Each structure stands twice: as structure tokens, then as C-alpha cells.
>>> print(open('structure_23.csv').read())   # CSV, C-alpha atoms
chain,number,residue,atom,x,y,z
A,1,MET,CA,21.8,-15.6,-64.3
A,2,THR,CA,19.0,-14.0,-62.2
A,3,THR,CA,17.1,-16.4,-59.9
A,4,GLU,CA,13.4,-16.2,-60.6
A,5,MET,CA,11.4,-15.8,-57.3
A,6,PHE,CA,7.7,-16.8,-57.0
A,7,ASP,CA,5.1,-15.9,-54.4
A,8,ILE,CA,4.0,-19.3,-52.9
A,9,PHE,CA,0.7,-20.3,-51.5
A,10,ASP,CA,-1.2,-23.1,-49.8
A,11,LYS,CA,-3.9,-25.0,-51.7
A,12,ASP,CA,-6.5,-22.5,-50.5
A,13,MET,CA,-4.3,-19.7,-52.0
A,14,ASN,CA,-3.2,-18.2,-48.7
A,15,HIS,CA,0.1,-16.5,-49.2
A,16,LEU,CA,3.0,-18.2,-47.5
A,17,GLY,CA,6.1,-16.3,-48.7
A,18,THR,CA,8.4,-16.6,-51.6
A,19,ALA,CA,10.6,-19.4,-53.2
A,20,SER,CA,12.8,-19.7,-56.2
A,21,ARG,CA,11.4,-21.3,-59.4
A,22,GLN,CA,13.6,-24.4,-58.7
A,23,GLU,CA,12.4,-24.8,-55.2
A,24,ALA,CA,8.8,-24.3,-56.2
A,25,HIS,CA,9.0,-27.0,-58.8
A,26,ALA,CA,11.1,-29.4,-56.7
A,27,GLN,CA,8.9,-29.2,-53.6
A,28,GLY,CA,5.6,-28.8,-55.4
A,29,LEU,CA,4.8,-25.4,-54.0
A,30,TRP,CA,1.7,-23.6,-55.2
A,31,HIS,CA,2.4,-20.5,-57.4
A,32,GLN,CA,0.6,-18.3,-60.0
A,33,THR,CA,0.7,-18.2,-63.7
A,34,PHE,CA,-0.8,-16.0,-66.5
A,35,HIS,CA,-2.3,-17.8,-69.5
A,36,CYS,CA,-3.6,-16.0,-72.5
A,37,TRP,CA,-5.3,-17.6,-75.5
A,38,VAL,CA,-5.2,-15.5,-78.7
A,39,LEU,CA,-8.5,-15.8,-80.6
A,40,ASN,CA,-9.0,-14.8,-84.2
A,41,PRO,CA,-12.8,-14.6,-84.4
A,42,SER,CA,-12.8,-13.9,-88.2
A,43,ALA,CA,-10.2,-16.3,-89.5
A,44,GLU,CA,-10.8,-17.7,-93.0
A,45,ARG,CA,-11.6,-21.2,-91.5
A,46,GLY,CA,-13.9,-19.7,-88.9
A,47,PRO,CA,-13.0,-18.7,-85.3
A,48,SER,CA,-9.5,-20.0,-84.6
A,49,LEU,CA,-7.1,-20.2,-81.7
A,50,LEU,CA,-3.3,-19.6,-81.7
A,51,LEU,CA,-1.2,-22.4,-80.3
A,52,GLN,CA,2.5,-22.1,-79.5
A,53,LEU,CA,4.9,-25.0,-80.1
A,54,ARG,CA,7.0,-25.2,-77.0
A,55,HIS,CA,10.8,-25.2,-77.5
A,56,ARG,CA,12.4,-28.6,-77.0
A,57,ASN,CA,14.5,-27.3,-74.2
A,58,LYS,CA,11.6,-26.3,-71.9
A,59,ASP,CA,11.5,-28.1,-68.5
A,60,THR,CA,7.8,-28.8,-68.8
A,61,PHE,CA,6.1,-30.2,-71.9
A,62,PRO,CA,9.0,-29.7,-74.3
A,63,GLY,CA,8.1,-29.8,-78.0
A,64,MET,CA,4.3,-29.9,-77.3
A,65,PHE,CA,1.5,-27.5,-78.4
A,66,ASP,CA,0.3,-25.2,-75.7
A,67,THR,CA,-1.5,-22.0,-74.7
A,68,SER,CA,-0.8,-19.1,-77.1
A,69,CYS,CA,1.1,-17.3,-74.3
A,70,ALA,CA,1.8,-18.3,-70.7
A,71,GLY,CA,4.3,-17.5,-68.0
A,72,HIS,CA,4.8,-17.4,-64.2
A,73,LEU,CA,4.0,-14.4,-62.1
A,74,MET,CA,7.1,-13.3,-60.3
A,75,ALA,CA,7.1,-12.4,-56.5
A,76,GLY,CA,5.3,-9.2,-56.0
A,77,GLU,CA,3.5,-9.2,-59.4
A,78,THR,CA,-0.3,-9.0,-59.7
A,79,VAL,CA,-2.3,-11.0,-62.2
A,80,GLN,CA,-2.6,-7.8,-64.3
A,81,ASP,CA,1.2,-7.7,-64.6
A,82,GLY,CA,1.1,-10.9,-66.5
A,83,VAL,CA,0.1,-9.1,-69.6
A,84,ARG,CA,3.8,-8.5,-70.2
A,85,GLU,CA,4.0,-12.1,-71.4
A,86,LEU,CA,2.1,-11.1,-74.6
A,87,GLU,CA,4.8,-8.7,-75.5
A,88,GLU,CA,7.7,-11.0,-74.5
A,89,GLU,CA,6.5,-14.2,-76.2
A,90,LEU,CA,4.4,-13.0,-79.1
A,91,GLY,CA,5.4,-9.4,-79.7
A,92,LEU,CA,1.9,-8.2,-79.0
A,93,SER,CA,1.4,-4.9,-77.2
A,94,ALA,CA,-1.9,-5.0,-75.3
A,95,ALA,CA,-3.3,-3.5,-72.2
A,96,ILE,CA,-4.9,-5.8,-69.5
A,97,SER,CA,-8.2,-4.0,-70.2
A,98,GLU,CA,-8.2,-5.4,-73.7
A,99,LEU,CA,-8.2,-9.0,-72.4
A,100,ILE,CA,-11.2,-11.0,-71.3
A,101,TYR,CA,-10.8,-12.8,-68.0
A,102,CYS,CA,-12.0,-16.4,-68.0
A,103,GLY,CA,-11.2,-17.2,-64.3
A,104,ARG,CA,-8.7,-19.1,-62.2
A,105,VAL,CA,-8.0,-22.9,-62.2
A,106,ALA,CA,-5.8,-24.8,-59.7
A,107,GLU,CA,-3.9,-27.6,-61.4
A,108,GLU,CA,-1.2,-29.9,-60.3
A,109,TYR,CA,1.0,-32.3,-62.2
A,110,VAL,CA,3.7,-34.7,-61.0
A,111,LEU,CA,6.0,-34.8,-64.0
A,112,SER,CA,8.9,-36.5,-62.2
A,113,GLU,CA,10.2,-36.9,-58.7
A,114,GLN,CA,12.1,-33.7,-59.2
A,115,LEU,CA,9.3,-31.8,-60.9
A,116,ILE,CA,6.0,-31.3,-59.2
A,117,ASP,CA,4.1,-28.4,-60.8
A,118,ARG,CA,1.3,-26.9,-58.7
A,119,GLU,CA,-0.2,-23.7,-60.3
A,120,PHE,CA,-3.0,-21.3,-59.9
A,121,ASN,CA,-3.6,-20.5,-63.6
A,122,HIS,CA,-5.3,-17.2,-64.4
A,123,ILE,CA,-6.8,-17.6,-67.9
A,124,PHE,CA,-7.5,-14.8,-70.4
A,125,VAL,CA,-8.6,-14.4,-74.0
A,126,TYR,CA,-7.3,-11.8,-76.4
A,127,GLU,CA,-8.9,-11.1,-79.7
A,128,CYS,CA,-6.4,-10.5,-82.5
A,129,GLU,CA,-6.7,-10.8,-86.3
A,130,LYS,CA,-3.0,-10.7,-87.1
A,131,PRO,CA,-1.9,-13.3,-89.6
A,132,VAL,CA,0.3,-16.0,-87.9
A,133,GLU,CA,3.2,-15.3,-90.2
A,134,GLU,CA,3.5,-11.7,-89.0
A,135,TYR,CA,4.1,-12.6,-85.3
A,136,HIS,CA,7.6,-12.0,-83.9
A,137,PHE,CA,7.9,-14.7,-81.2
A,138,GLN,CA,10.4,-15.5,-78.6
A,139,LEU,CA,12.7,-18.1,-80.1
A,140,SER,CA,14.2,-19.2,-76.8
A,141,GLU,CA,10.8,-20.3,-75.6
A,142,ILE,CA,8.8,-21.0,-78.8
A,143,SER,CA,9.6,-23.1,-81.9
A,144,GLY,CA,6.5,-22.2,-83.9
A,145,LEU,CA,3.0,-20.8,-83.9
A,146,PHE,CA,0.0,-22.5,-85.4
A,147,MET,CA,-3.7,-21.7,-85.8
A,148,VAL,CA,-6.4,-24.3,-85.2
A,149,GLY,CA,-10.1,-24.1,-85.8
A,150,LEU,CA,-12.0,-23.5,-82.5
A,151,GLN,CA,-14.7,-26.0,-83.2
A,152,GLU,CA,-12.1,-28.7,-84.3
A,153,PHE,CA,-10.0,-28.0,-81.2
A,154,GLU,CA,-13.0,-28.5,-79.0
A,155,GLN,CA,-13.9,-31.7,-80.7
A,156,LEU,CA,-10.3,-33.0,-80.4
A,157,LEU,CA,-10.2,-32.3,-76.6
A,158,ALA,CA,-13.6,-33.9,-76.2
A,159,GLY,CA,-12.5,-37.1,-78.0
A,160,GLY,CA,-14.6,-36.5,-81.0
A,161,ARG,CA,-11.7,-36.2,-83.3
A,162,LYS,CA,-8.4,-38.2,-83.4
A,163,SER,CA,-6.5,-35.3,-85.0
A,164,ILE,CA,-6.9,-31.9,-86.5
A,165,PRO,CA,-4.9,-29.7,-88.9
A,166,ALA,CA,-2.8,-26.9,-87.5
A,167,VAL,CA,-1.5,-24.2,-90.0
A,168,GLY,CA,1.3,-21.8,-89.1
A,169,VAL,CA,5.0,-21.3,-89.0
A,170,LEU,CA,8.0,-23.3,-87.7
A,171,HIS,CA,11.4,-21.9,-86.9
A,172,ASP,CA,14.4,-23.8,-88.3
A,173,GLU,CA,17.2,-23.2,-85.7
A,174,GLN,CA,19.9,-24.5,-88.0
A,175,GLU,CA,19.0,-22.3,-90.9
A,176,GLY,CA,17.9,-19.4,-88.7
A,177,VAL,CA,14.7,-19.0,-90.7
A,178,THR,CA,10.9,-19.3,-90.1
A,179,ASN,CA,8.9,-21.2,-92.7
A,180,PRO,CA,5.3,-21.9,-93.3
A,181,ALA,CA,4.2,-25.3,-91.9
A,182,VAL,CA,1.2,-27.6,-91.6
A,183,ARG,CA,0.9,-30.2,-88.8
A,184,GLU,CA,-1.7,-32.8,-88.0
A,185,ILE,CA,-2.0,-32.8,-84.2
A,186,SER,CA,-3.6,-35.2,-81.8
A,187,ARG,CA,-4.5,-34.9,-78.1
A,188,GLU,CA,-1.2,-36.4,-77.1
A,189,ASP,CA,0.6,-33.4,-78.8
A,190,ILE,CA,-1.0,-30.9,-76.5
A,191,ALA,CA,0.3,-29.9,-73.1
A,192,LEU,CA,-1.8,-31.0,-70.2
A,193,ASN,CA,-4.7,-28.9,-68.8
A,194,SER,CA,-7.8,-30.1,-66.9
A,195,PRO,CA,-11.3,-30.3,-68.3
A,196,GLU,CA,-12.2,-27.5,-65.8
A,197,TYR,CA,-9.6,-25.3,-67.4
A,198,PHE,CA,-10.9,-25.8,-71.0
A,199,GLU,CA,-14.5,-25.5,-69.8
A,200,LEU,CA,-13.7,-22.0,-68.5
A,201,LEU,CA,-11.9,-21.1,-71.7
A,202,PHE,CA,-14.5,-22.3,-74.1
A,203,ASN,CA,-17.5,-21.0,-72.1
A,204,THR,CA,-15.9,-17.5,-72.1
A,205,ILE,CA,-15.2,-17.6,-75.8
A,206,HIS,CA,-18.7,-18.7,-76.8
A,207,GLU,CA,-20.3,-16.1,-74.6
A,208,ARG,CA,-18.2,-13.6,-76.7
A,209,ILE,CA,-18.6,-14.9,-80.2
A,210,ASP,CA,-22.1,-16.5,-80.0
A,211,SER,CA,-23.9,-13.4,-78.6
>>> encode(input="structure_23.csv", output="C-alpha cells")
Amino acid sequence: MTTEMFDIFDKDMNHLGTASRQEAHAQGLWHQTFHCWVLNPSAERGPSLLLQLRHRNKDTFPGMFDTSCAGHLMAGETVQDGVRELEEELGLSAAISELIYCGRVAEEYVLSEQLIDREFNHIFVYECEKPVEEYHFQLSEISGLFMVGLQEFEQLLAGGRKSIPAVGVLHDEQEGVTNPAVREISREDIALNSPEYFELLFNTIHERIDS
């Protein structure tokens, strides 16, 4: 198994060198990630976002709903190289020029004594009208894909709703099939991200769809 190597930084994003994924998470070393939210601006229920259901074997936030597509940048990679994650996780072939850059947010979470996650998250939006049932997603990373209404998702994160409906597909590992599914999700079902993170995301989306 190949050891994943990250570029590591101080809190001001000065480059310090490289470290393995395990070292970065065990020692709480700052590293970079690529996040892309897939937006369907013309969904039947209004503008909607694609959420992935993280596989239960993930080391962070297993079995929780998360960014449409996200991954670490490897040592030597640029932010633009992160676009490969769309192809790897969701089967979407897109150029970096087709994505809308929201900005960068530094976030840190102490998930356990052995897992301290400090990341510079580069956030993007990609518009795509593909029906959720037509996605070919990475089964080792993702257990399902679900669409949520943008407005409802914003209300949920702001505390204005206790739960919202999510409609999509769920992979049954035992049967080896992917079936339609509907979930009612609460804030506790969604992986952690800061208010600053979501402010950047939603401001960018509204500049796009409200203009």
C-alpha cells in the first residue's frame, strides 16, 4: 500500500516540508484539501446540492453526510490538481476552469488523541444537472449520494429547521446493488464545517444563481 504524502504548513500557511497522512493526522499538522460542492441550479425542487454519505470505514466522520466531493492534496500538487477528485469520487469529468472558486478556510478538529485534523480547505462549486441515480461513485469511499434543497439546507445549518428531506441513492454492500432512498437528515448527521466555511459557500452560490 502506497504511503500518502502531504505538504505540511504552519498556521499562516508557510510551507514546512512533507509528512505522511498518518503523521499529519496524529501530530495535527496543517495540510491542504480540495472540496467541491455539486449544485443543480434547475432541480425539480429548486436549486439543490449533492451530498455524499461517507463510507462507514472512513477515519473521519464515518457514515455522515458531507461535501459532494473532497480529498487531500498530495505533496507537490496544486489546488487545481484537486479537480481529479470529481472524476475519482463521482465519475464527473470537469476542467478546473469549469469550477467556481469560493475561497479558502482553515479548520481544525480534535477528533481523538490520535486524530487531530488541521486543514486548509479550498472550496469550489460545480454546476451539474445530472440526475443523482446516474452518478458512478467510488464505493470504497461513498455509501450513497443525496440531493437536498439549497434553501432547506441553509435553514438546517442556521438552526431554522430540525431536519430536511434528502432524496438519492444508497449502495447495499451485501447485495451489491444501488437503490433509490429517502432520508430525513438533521444537523447532527452532517460532517463538521465552520460557519465561515458555509458563509463562503452560500455567498458564492447566491452570487451565481441570484444575479
>>> residues_around(input="structure_23.csv", residues="segment 188-195 of chain A", least_positions_apart="2", cutoff="6 Å", atoms="only C-alpha atoms", output="list of chain:residue names")
A:Phe61, A:Met64, A:Phe65, A:Asp66, A:Ser186, A:Tyr197, A:Phe198, A:Glu199
>>> atom_distance(input="structure_23.csv", atom1="atom CA of Gly176 of chain A", atom2="atom CA of Leu139 of chain A")
10.1 Å
>>> closest_residue(input="structure_23.csv", among="A:Glu196, A:Glu129, A:Glu175, A:Glu207", to="Ser48 of chain A", atoms="only C-alpha atoms")
A:Glu129
>>> closest_residue(input="structure_23.csv", among="A:Ile8, A:Leu51, A:Leu145, A:Val182", to="Gly76 of chain A", atoms="all atoms listed in the file")
A:Ile8
>>> residues_around(input="structure_23.csv", residues="Glu4 of chain A", least_positions_apart="5", cutoff="8 Å", atoms="only C-alpha atoms", output="MDAnalysis selection string")
chainID A and resid 20:21 74
>>> residues_around(input="structure_23.csv", residues="Gln52 of chain A", least_positions_apart="3", cutoff="10 Å", atoms="only C-alpha atoms", output="MDAnalysis selection string")
chainID A and resid 37 55 63:70 89:90 137 141:147 168:170 190
>>> closest_residue(input="structure_23.csv", among="A:Arg84, A:His25, A:His206, A:Arg56", to="Ile96 of chain A", atoms="all atoms listed in the file")
A:Arg84
